[in-house]
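**Q** What follows is a structure written as structure tokens; I'll ask about it next.
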There are 2 protein chains.
Amino acid sequence: MAEDFQGIATQFVAHYYNTFDTDRKALAGLYRENSMLTFQSAQCLGAAAITEKFVSLPFQTVKHQYSGADAQPTPNGGIIILVTGQLQVDGGEHPLGYSQAFQLTKDPSGQWFIFNDIFNLVLV
Amino acid sequence: MAEDFQGIATQFVAHYYNTFDTDRKALAGLYRENSMLTFQSAQCLGAAAITEKFVSLPFQTVKHQYSGADAQPTPNGGIIILVTGQLQVDGGEHPLGYSQAFQLTKDPSGQWFIFNDIFNLVLV
């Protein structure tokens with residue numbers, strides 16, 4: 001794979017959480033009709049259902065902080081990414097640990113999108 | 001995808017951590033020459049290098065506990081899995097949070113193996 005998968009992953013993750021923290025409904029542009037989300041074990045299929053899930057989460061503001069995003073190329077020319085970090089909702093004092101795995105692939109127009117998305121809080 | 005990806009993932013993860021906790025060098029059978037591991041941002045390629053990494057970790061005993069393994073099918077007929085859990089090394093009192101993402105694919109003989117493996121401790 002000639003592409004700079006780590007660079008793409010780093011850019012993607014920064015864009016993803018910036019969008020999540022500022023305008024959740026705009027996340028729709030990062031998913032397609034066949035995208036999958038597993039959010040705390042709840043499953044959603046397709047950009048519309050996934051965006052609805054994010055918009056309906058019961059907080060007004062959220063801030064994600066993560067230390068890094070580790071990426072690898074996948075067999076189909078995609079990129080798998082694991083992010084571990086912390087998030088704060090509604091300005092609360094106690095951040096929650098989370099982990100999120102993505103697989104990015106390209107759509108027919110050559111644009112990267114999220115095919116797989118699995119999110120879990122990490123309660124230690 | 002007709003296969004029971006969640007069932008395969010659940011079985012795989014149980015087998016993986018049981019092997020890790022009882023006989024680390026036997027993990028070699030779950031990887032192939034083109035498998036990738038990113039372990040706390042250190043990268044290894046191939047079953048031999050990956051197994052050497054695990055065997056050389058500086059503890060005698062380890063015990064993984066995880067609450068579940070969320071799985072989704074991937075574009076190439078594989079399975080992506082996110083595990084979040086805790087591990088204890090050398091019987092220590094303070095478990096460490098971790099998250100680990102896998103992508104399983106099939107080798108030419110039809111056997112599942114780990115193509116992608118990304119591991120991170122979660123420090124909250």
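Ordered as shown in the structure tokens, chains take letters A, B, and onward, while each chain numbers its residues from 1 and ligands are numbered from 1 in the order shown.
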Run DSSP on the backbone of this structure and report the residues of chain A it assigns to helix (DSSP H, G or I), as a VMD selection string.
**A** chain A and resid 5 to 22 24 to 30 47 to 55
**Q** Could you tell me which residues of chain A sit within 10 Å of chain B when counting only C-alpha atoms, and give me the result as a PDB file with N, CA, C and O atoms, in the first residue's frame?
**A**
ATOM      1  N   ASN A  34     -23.847   1.925   3.653  1.00  0.00           N
ATOM      2  CA  ASN A  34     -23.460   0.596   4.151  1.00  0.00           C
ATOM      3  C   ASN A  34     -22.537   0.662   5.370  1.00  0.00           C
ATOM      4  O   ASN A  34     -21.975  -0.357   5.784  1.00  0.00           O
ATOM      5  N   SER A  35     -22.412   1.852   5.961  1.00  0.00           N
ATOM      6  CA  SER A  35     -21.560   2.004   7.146  1.00  0.00           C
ATOM      7  C   SER A  35     -22.226   1.388   8.372  1.00  0.00           C
ATOM      8  O   SER A  35     -23.451   1.404   8.500  1.00  0.00           O
ATOM      9  N   MET A  36     -21.404   0.864   9.272  1.00  0.00           N
ATOM     10  CA  MET A  36     -21.912   0.250  10.495  1.00  0.00           C
ATOM     11  C   MET A  36     -21.339   0.947  11.719  1.00  0.00           C
ATOM     12  O   MET A  36     -20.154   1.283  11.738  1.00  0.00           O
ATOM     13  N   LEU A  37     -22.203   1.117  12.718  1.00  0.00           N
ATOM     14  CA  LEU A  37     -21.774   1.650  14.012  1.00  0.00           C
ATOM     15  C   LEU A  37     -22.222   0.684  15.110  1.00  0.00           C
ATOM     16  O   LEU A  37     -23.385   0.260  15.115  1.00  0.00           O
ATOM     17  N   THR A  38     -21.303   0.342  16.007  1.00  0.00           N
ATOM     18  CA  THR A  38     -21.670  -0.346  17.246  1.00  0.00           C
ATOM     19  C   THR A  38     -21.263   0.587  18.373  1.00  0.00           C
ATOM     20  O   THR A  38     -20.076   0.844  18.586  1.00  0.00           O
ATOM     21  N   PHE A  39     -22.267   1.157  19.045  1.00  0.00           N
ATOM     22  CA  PHE A  39     -22.026   2.169  20.078  1.00  0.00           C
ATOM     23  C   PHE A  39     -22.473   1.600  21.413  1.00  0.00           C
ATOM     24  O   PHE A  39     -23.675   1.426  21.646  1.00  0.00           O
ATOM     25  N   GLN A  40     -21.531   1.273  22.264  1.00  0.00           N
ATOM     26  CA  GLN A  40     -21.857   0.625  23.541  1.00  0.00           C
ATOM     27  C   GLN A  40     -22.792  -0.566  23.289  1.00  0.00           C
ATOM     28  O   GLN A  40     -23.815  -0.713  23.942  1.00  0.00           O
ATOM     29  N   SER A  41     -22.444  -1.351  22.284  1.00  0.00           N
ATOM     30  CA  SER A  41     -23.132  -2.588  21.878  1.00  0.00           C
ATOM     31  C   SER A  41     -24.446  -2.365  21.121  1.00  0.00           C
ATOM     32  O   SER A  41     -25.045  -3.333  20.653  1.00  0.00           O
ATOM     33  N   ALA A  42     -24.914  -1.120  20.979  1.00  0.00           N
ATOM     34  CA  ALA A  42     -26.098  -0.842  20.156  1.00  0.00           C
ATOM     35  C   ALA A  42     -25.657  -0.687  18.701  1.00  0.00           C
ATOM     36  O   ALA A  42     -24.664  -0.010  18.418  1.00  0.00           O
ATOM     37  N   GLN A  43     -26.393  -1.321  17.783  1.00  0.00           N
ATOM     38  CA  GLN A  43     -25.974  -1.354  16.379  1.00  0.00           C
ATOM     39  C   GLN A  43     -26.823  -0.440  15.511  1.00  0.00           C
ATOM     40  O   GLN A  43     -28.046  -0.410  15.626  1.00  0.00           O
ATOM     41  N   SER A  67      -4.705  10.430  22.975  1.00  0.00           N
ATOM     42  CA  SER A  67      -3.246  10.550  22.963  1.00  0.00           C
ATOM     43  C   SER A  67      -2.671  10.176  21.609  1.00  0.00           C
ATOM     44  O   SER A  67      -1.561  10.560  21.268  1.00  0.00           O
ATOM     45  N   GLY A  68      -3.393   9.419  20.835  1.00  0.00           N
ATOM     46  CA  GLY A  68      -2.873   9.030  19.538  1.00  0.00           C
ATOM     47  C   GLY A  68      -3.860   8.148  18.812  1.00  0.00           C
ATOM     48  O   GLY A  68      -4.889   7.764  19.370  1.00  0.00           O
ATOM     49  N   ALA A  69      -3.551   7.836  17.579  1.00  0.00           N
ATOM     50  CA  ALA A  69      -4.400   6.991  16.760  1.00  0.00           C
ATOM     51  C   ALA A  69      -3.473   6.041  16.009  1.00  0.00           C
ATOM     52  O   ALA A  69      -2.731   6.461  15.132  1.00  0.00           O
ATOM     53  N   ASP A  70      -3.491   4.772  16.380  1.00  0.00           N
ATOM     54  CA  ASP A  70      -2.623   3.781  15.732  1.00  0.00           C
ATOM     55  C   ASP A  70      -3.340   3.190  14.529  1.00  0.00           C
ATOM     56  O   ASP A  70      -4.485   2.761  14.638  1.00  0.00           O
ATOM     57  N   ALA A  71      -2.654   3.154  13.407  1.00  0.00           N
ATOM     58  CA  ALA A  71      -3.280   2.718  12.159  1.00  0.00           C
ATOM     59  C   ALA A  71      -2.475   1.605  11.502  1.00  0.00           C
ATOM     60  O   ALA A  71      -1.252   1.512  11.671  1.00  0.00           O
ATOM     61  N   GLN A  72      -3.177   0.770  10.747  1.00  0.00           N
ATOM     62  CA  GLN A  72      -2.557  -0.267   9.904  1.00  0.00           C
ATOM     63  C   GLN A  72      -3.352  -0.359   8.599  1.00  0.00           C
ATOM     64  O   GLN A  72      -4.564  -0.147   8.601  1.00  0.00           O
ATOM     65  N   PRO A  73      -2.680  -0.735   7.506  1.00  0.00           N
ATOM     66  CA  PRO A  73      -3.416  -1.024   6.273  1.00  0.00           C
ATOM     67  C   PRO A  73      -4.174  -2.346   6.405  1.00  0.00           C
ATOM     68  O   PRO A  73      -3.752  -3.227   7.153  1.00  0.00           O
ATOM     69  N   THR A  74      -5.296  -2.464   5.700  1.00  0.00           N
ATOM     70  CA  THR A  74      -6.112  -3.688   5.758  1.00  0.00           C
ATOM     71  C   THR A  74      -6.101  -4.380   4.389  1.00  0.00           C
ATOM     72  O   THR A  74      -5.685  -3.783   3.389  1.00  0.00           O
ATOM     73  N   PRO A  75      -6.558  -5.633   4.336  1.00  0.00           N
ATOM     74  CA  PRO A  75      -6.423  -6.411   3.102  1.00  0.00           C
ATOM     75  C   PRO A  75      -7.120  -5.791   1.890  1.00  0.00           C
ATOM     76  O   PRO A  75      -6.710  -6.013   0.758  1.00  0.00           O
ATOM     77  N   ASN A  76      -8.167  -5.026   2.104  1.00  0.00           N
ATOM     78  CA  ASN A  76      -8.928  -4.471   0.985  1.00  0.00           C
ATOM     79  C   ASN A  76      -8.494  -3.053   0.627  1.00  0.00           C
ATOM     80  O   ASN A  76      -9.268  -2.314   0.001  1.00  0.00           O
ATOM     81  N   GLY A  77      -7.296  -2.661   1.028  1.00  0.00           N
ATOM     82  CA  GLY A  77      -6.841  -1.307   0.743  1.00  0.00           C
ATOM     83  C   GLY A  77      -7.423  -0.258   1.669  1.00  0.00           C
ATOM     84  O   GLY A  77      -7.351   0.935   1.386  1.00  0.00           O
ATOM     85  N   GLY A  78      -7.988  -0.697   2.772  1.00  0.00           N
ATOM     86  CA  GLY A  78      -8.530   0.225   3.760  1.00  0.00           C
ATOM     87  C   GLY A  78      -7.511   0.500   4.863  1.00  0.00           C
ATOM     88  O   GLY A  78      -6.335   0.134   4.766  1.00  0.00           O
ATOM     89  N   ILE A  79      -7.996   1.156   5.910  1.00  0.00           N
ATOM     90  CA  ILE A  79      -7.153   1.507   7.051  1.00  0.00           C
ATOM     91  C   ILE A  79      -7.927   1.190   8.320  1.00  0.00           C
ATOM     92  O   ILE A  79      -9.081   1.619   8.469  1.00  0.00           O
ATOM     93  N   ILE A  80      -7.310   0.438   9.226  1.00  0.00           N
ATOM     94  CA  ILE A  80      -7.909   0.197  10.543  1.00  0.00           C
ATOM     95  C   ILE A  80      -7.205   1.109  11.540  1.00  0.00           C
ATOM     96  O   ILE A  80      -5.990   1.324  11.452  1.00  0.00           O
ATOM     97  N   ILE A  81      -7.998   1.687  12.450  1.00  0.00           N
ATOM     98  CA  ILE A  81      -7.478   2.668  13.406  1.00  0.00           C
ATOM     99  C   ILE A  81      -8.023   2.327  14.785  1.00  0.00           C
ATOM    100  O   ILE A  81      -9.214   2.040  14.929  1.00  0.00           O
ATOM    101  N   LEU A  82      -7.159   2.386  15.792  1.00  0.00           N
ATOM    102  CA  LEU A  82      -7.610   2.269  17.180  1.00  0.00           C
ATOM    103  C   LEU A  82      -7.259   3.558  17.903  1.00  0.00           C
ATOM    104  O   LEU A  82      -6.101   3.974  17.900  1.00  0.00           O
ATOM    105  N   VAL A  83      -8.277   4.165  18.498  1.00  0.00           N
ATOM    106  CA  VAL A  83      -8.094   5.386  19.279  1.00  0.00           C
ATOM    107  C   VAL A  83      -8.432   5.073  20.737  1.00  0.00           C
ATOM    108  O   VAL A  83      -9.450   4.437  21.012  1.00  0.00           O
ATOM    109  N   THR A  84      -7.589   5.500  21.661  1.00  0.00           N
ATOM    110  CA  THR A  84      -7.949   5.440  23.074  1.00  0.00           C
ATOM    111  C   THR A  84      -7.810   6.841  23.637  1.00  0.00           C
ATOM    112  O   THR A  84      -6.872   7.562  23.305  1.00  0.00           O
ATOM    113  N   GLY A  85      -8.771   7.237  24.442  1.00  0.00           N
ATOM    114  CA  GLY A  85      -8.744   8.596  24.949  1.00  0.00           C
ATOM    115  C   GLY A  85      -9.717   8.795  26.085  1.00  0.00           C
ATOM    116  O   GLY A  85     -10.146   7.837  26.727  1.00  0.00           O
ATOM    117  N   GLN A  86     -10.023  10.060  26.318  1.00  0.00           N
ATOM    118  CA  GLN A  86     -10.953  10.437  27.363  1.00  0.00           C
ATOM    119  C   GLN A  86     -11.946  11.427  26.787  1.00  0.00           C
ATOM    120  O   GLN A  86     -11.623  12.184  25.870  1.00  0.00           O
ATOM    121  N   HIS A  94     -15.201  14.814  35.688  1.00  0.00           N
ATOM    122  CA  HIS A  94     -14.618  13.476  35.629  1.00  0.00           C
ATOM    123  C   HIS A  94     -14.643  12.941  34.201  1.00  0.00           C
ATOM    124  O   HIS A  94     -15.688  12.533  33.705  1.00  0.00           O
ATOM    125  N   PRO A  95     -13.488  12.955  33.546  1.00  0.00           N
ATOM    126  CA  PRO A  95     -13.453  12.408  32.187  1.00  0.00           C
ATOM    127  C   PRO A  95     -13.685  10.900  32.197  1.00  0.00           C
ATOM    128  O   PRO A  95     -13.350  10.209  33.159  1.00  0.00           O
ATOM    129  N   LEU A  96     -14.265  10.408  31.116  1.00  0.00           N
ATOM    130  CA  LEU A  96     -14.514   8.982  30.946  1.00  0.00           C
ATOM    131  C   LEU A  96     -13.532   8.438  29.913  1.00  0.00           C
ATOM    132  O   LEU A  96     -13.334   9.048  28.858  1.00  0.00           O
ATOM    133  N   GLY A  97     -12.944   7.293  30.216  1.00  0.00           N
ATOM    134  CA  GLY A  97     -12.076   6.659  29.230  1.00  0.00           C
ATOM    135  C   GLY A  97     -12.903   6.022  28.123  1.00  0.00           C
ATOM    136  O   GLY A  97     -14.009   5.538  28.363  1.00  0.00           O
ATOM    137  N   TYR A  98     -12.397   6.045  26.910  1.00  0.00           N
ATOM    138  CA  TYR A  98     -13.105   5.387  25.817  1.00  0.00           C
ATOM    139  C   TYR A  98     -12.102   4.789  24.848  1.00  0.00           C
ATOM    140  O   TYR A  98     -10.925   5.165  24.833  1.00  0.00           O
ATOM    141  N   SER A  99     -12.581   3.851  24.063  1.00  0.00           N
ATOM    142  CA  SER A  99     -11.801   3.366  22.926  1.00  0.00           C
ATOM    143  C   SER A  99     -12.731   3.243  21.732  1.00  0.00           C
ATOM    144  O   SER A  99     -13.938   3.000  21.876  1.00  0.00           O
ATOM    145  N   GLN A 100     -12.164   3.468  20.558  1.00  0.00           N
ATOM    146  CA  GLN A 100     -12.968   3.469  19.336  1.00  0.00           C
ATOM    147  C   GLN A 100     -12.112   2.903  18.205  1.00  0.00           C
ATOM    148  O   GLN A 100     -10.960   3.319  18.011  1.00  0.00           O
ATOM    149  N   ALA A 101     -12.675   1.932  17.502  1.00  0.00           N
ATOM    150  CA  ALA A 101     -11.997   1.327  16.350  1.00  0.00           C
ATOM    151  C   ALA A 101     -12.747   1.712  15.080  1.00  0.00           C
ATOM    152  O   ALA A 101     -13.976   1.663  15.034  1.00  0.00           O
ATOM    153  N   PHE A 102     -11.992   2.124  14.073  1.00  0.00           N
ATOM    154  CA  PHE A 102     -12.558   2.473  12.769  1.00  0.00           C
ATOM    155  C   PHE A 102     -11.930   1.604  11.689  1.00  0.00           C
ATOM    156  O   PHE A 102     -10.751   1.241  11.800  1.00  0.00           O
ATOM    157  N   GLN A 103     -12.690   1.328  10.655  1.00  0.00           N
ATOM    158  CA  GLN A 103     -12.064   0.939   9.393  1.00  0.00           C
ATOM    159  C   GLN A 103     -12.539   1.913   8.325  1.00  0.00           C
ATOM    160  O   GLN A 103     -13.745   2.082   8.110  1.00  0.00           O
ATOM    161  N   THR A 105     -12.576   2.973   4.320  1.00  0.00           N
ATOM    162  CA  THR A 105     -12.384   2.472   2.959  1.00  0.00           C
ATOM    163  C   THR A 105     -12.764   3.606   2.016  1.00  0.00           C
ATOM    164  O   THR A 105     -13.277   4.649   2.448  1.00  0.00           O
ATOM    165  N   PHE A 115     -16.331   2.746   7.138  1.00  0.00           N
ATOM    166  CA  PHE A 115     -17.129   1.537   6.906  1.00  0.00           C
ATOM    167  C   PHE A 115     -17.502   0.890   8.241  1.00  0.00           C
ATOM    168  O   PHE A 115     -18.654   0.530   8.463  1.00  0.00           O
ATOM    169  N   ASN A 116     -16.522   0.742   9.119  1.00  0.00           N
ATOM    170  CA  ASN A 116     -16.741   0.155  10.455  1.00  0.00           C
ATOM    171  C   ASN A 116     -16.424   1.168  11.534  1.00  0.00           C
ATOM    172  O   ASN A 116     -15.429   1.884  11.443  1.00  0.00           O
ATOM    173  N   ASP A 117     -17.259   1.202  12.568  1.00  0.00           N
ATOM    174  CA  ASP A 117     -17.065   2.108  13.705  1.00  0.00           C
ATOM    175  C   ASP A 117     -17.578   1.389  14.950  1.00  0.00           C
ATOM    176  O   ASP A 117     -18.766   1.034  15.021  1.00  0.00           O
ATOM    177  N   ILE A 118     -16.681   1.138  15.899  1.00  0.00           N
ATOM    178  CA  ILE A 118     -17.071   0.483  17.156  1.00  0.00           C
ATOM    179  C   ILE A 118     -16.564   1.336  18.305  1.00  0.00           C
ATOM    180  O   ILE A 118     -15.367   1.638  18.385  1.00  0.00           O
ATOM    181  N   PHE A 119     -17.482   1.736  19.185  1.00  0.00           N
ATOM    182  CA  PHE A 119     -17.164   2.632  20.303  1.00  0.00           C
ATOM    183  C   PHE A 119     -17.510   1.974  21.620  1.00  0.00           C
ATOM    184  O   PHE A 119     -18.595   1.387  21.766  1.00  0.00           O
ATOM    185  N   ASN A 120     -16.629   2.119  22.589  1.00  0.00           N
ATOM    186  CA  ASN A 120     -16.908   1.640  23.944  1.00  0.00           C
ATOM    187  C   ASN A 120     -16.309   2.565  24.980  1.00  0.00           C
ATOM    188  O   ASN A 120     -15.169   3.020  24.824  1.00  0.00           O
ATOM    189  N   LEU A 121     -17.072   2.829  26.032  1.00  0.00           N
ATOM    190  CA  LEU A 121     -16.477   3.444  27.209  1.00  0.00           C
ATOM    191  C   LEU A 121     -15.604   2.408  27.913  1.00  0.00           C
ATOM    192  O   LEU A 121     -15.885   1.208  27.867  1.00  0.00           O
ATOM    193  N   VAL A 122     -14.540   2.873  28.545  1.00  0.00           N
ATOM    194  CA  VAL A 122     -13.637   1.981  29.276  1.00  0.00           C
ATOM    195  C   VAL A 122     -13.760   2.342  30.746  1.00  0.00           C
ATOM    196  O   VAL A 122     -13.338   3.431  31.163  1.00  0.00           O
ATOM    197  N   LEU A 123     -14.382   1.477  31.512  1.00  0.00           N
ATOM    198  CA  LEU A 123     -14.616   1.756  32.919  1.00  0.00           C
ATOM    199  C   LEU A 123     -13.620   0.948  33.733  1.00  0.00           C
ATOM    200  O   LEU A 123     -13.658  -0.273  33.763  1.00  0.00           O
ATOM    201  N   VAL A 124     -12.666   1.635  34.325  1.00  0.00           N
ATOM    202  CA  VAL A 124     -11.611   0.950  35.092  1.00  0.00           C
ATOM    203  C   VAL A 124     -11.942   1.034  36.576  1.00  0.00           C
ATOM    204  O   VAL A 124     -12.340   2.095  37.038  1.00  0.00           O
TER     205      VAL A 124
END
**Q** Looking only at the backbone, which of the residues in range 15-118 of chain A does DSSP tag as strand (DSSP E or B), as a ChimeraX atom specification?
**A** /A:31-39,42-45,62-73,79-89,96-106,112-118
**Q** Which of these, A:Tyr16, A:Phe59, A:Tyr31, A:Phe54, has the shortest distance to Gly92 in chain A once you count only C-alpha atoms?
**A**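 Nearest candidate to Gly92 in chain A out of A:Tyr16, A:Phe59, A:Tyr31, A:Phe54: A:Phe59.
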**Q** Please provide the set of residues having any atom within 10 Å of Lys63 in chain B, restricted to only C-alpha atoms, with same-chain residues fewer than 5 positions apart removed, written as a tab-separated table (two decimals) with N, CA and C atoms, in the first residue's frame.
**A**
chain	number	residue	atom	x	y	z
B	17	TYR	N	-7.30	-14.91	24.42
B	17	TYR	CA	-6.83	-14.50	25.75
B	17	TYR	C	-6.51	-15.71	26.63
B	18	ASN	N	-7.20	-16.81	26.41
B	18	ASN	CA	-6.84	-18.02	27.14
B	18	ASN	C	-5.42	-18.46	26.77
B	20	PHE	N	-3.08	-16.46	25.46
B	20	PHE	CA	-2.17	-15.43	25.95
B	20	PHE	C	-1.83	-15.65	27.41
B	21	ASP	N	-2.83	-16.00	28.20
B	21	ASP	CA	-2.65	-16.08	29.66
B	21	ASP	C	-2.03	-17.40	30.10
B	22	THR	N	-2.00	-18.40	29.22
B	22	THR	CA	-1.47	-19.71	29.63
B	22	THR	C	-0.20	-20.10	28.88
B	86	GLN	N	-9.60	-5.34	31.22
B	86	GLN	CA	-8.57	-5.07	32.22
B	86	GLN	C	-7.61	-6.24	32.24
B	87	LEU	N	-6.36	-5.95	32.59
B	87	LEU	CA	-5.40	-7.05	32.75
B	87	LEU	C	-4.60	-6.85	34.01
B	88	GLN	N	-4.20	-7.97	34.58
B	88	GLN	CA	-3.38	-7.97	35.79
B	88	GLN	C	-2.10	-8.70	35.48
B	89	VAL	N	-0.96	-8.08	35.79
B	89	VAL	CA	0.32	-8.75	35.54
B	89	VAL	C	0.96	-9.15	36.86
B	90	ASP	N	1.52	-10.36	36.89
B	90	ASP	CA	2.22	-10.91	38.05
B	90	ASP	C	1.40	-10.80	39.33
B	91	GLY	N	0.10	-11.01	39.18
B	91	GLY	CA	-0.78	-11.03	40.35
B	91	GLY	C	-0.94	-9.71	41.06
B	95	PRO	N	-5.44	-3.61	38.46
B	95	PRO	CA	-5.62	-3.96	37.06
B	95	PRO	C	-5.43	-2.74	36.17
**Q** So that I can see what lies close to Gly29 in chain A, please list as a list in words the residues with an atom at most 9 Å from it, counting only C-alpha atoms and leaving out residues fewer than 3 positions away in the same chain.
**A**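 The residues that qualify are Lys25, Ala26, Arg32, Ala47 and Phe113 of chain A.
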**Q** Could you tell me how far CA of Gln6 in chain B lies from CA of Trp112 in chain B, in Å and to one decimal?
**A**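 These two atoms are separated by 13.6 Å.
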**Q** Any idea what the distance is between CA of Leu27 in chain A and CA of Leu57 in chain A?
**A**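 About the pair CA of Leu27 in chain A and CA of Leu57 in chain A: they are 13.6 Å apart.
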**Q** So what do you get for CA of Val13 in chain A versus CA of Gly46 in chain A, distance-wise?
**A**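 Pair CA of Val13 in chain A / CA of Gly46 in chain A returns 19.6 Å.
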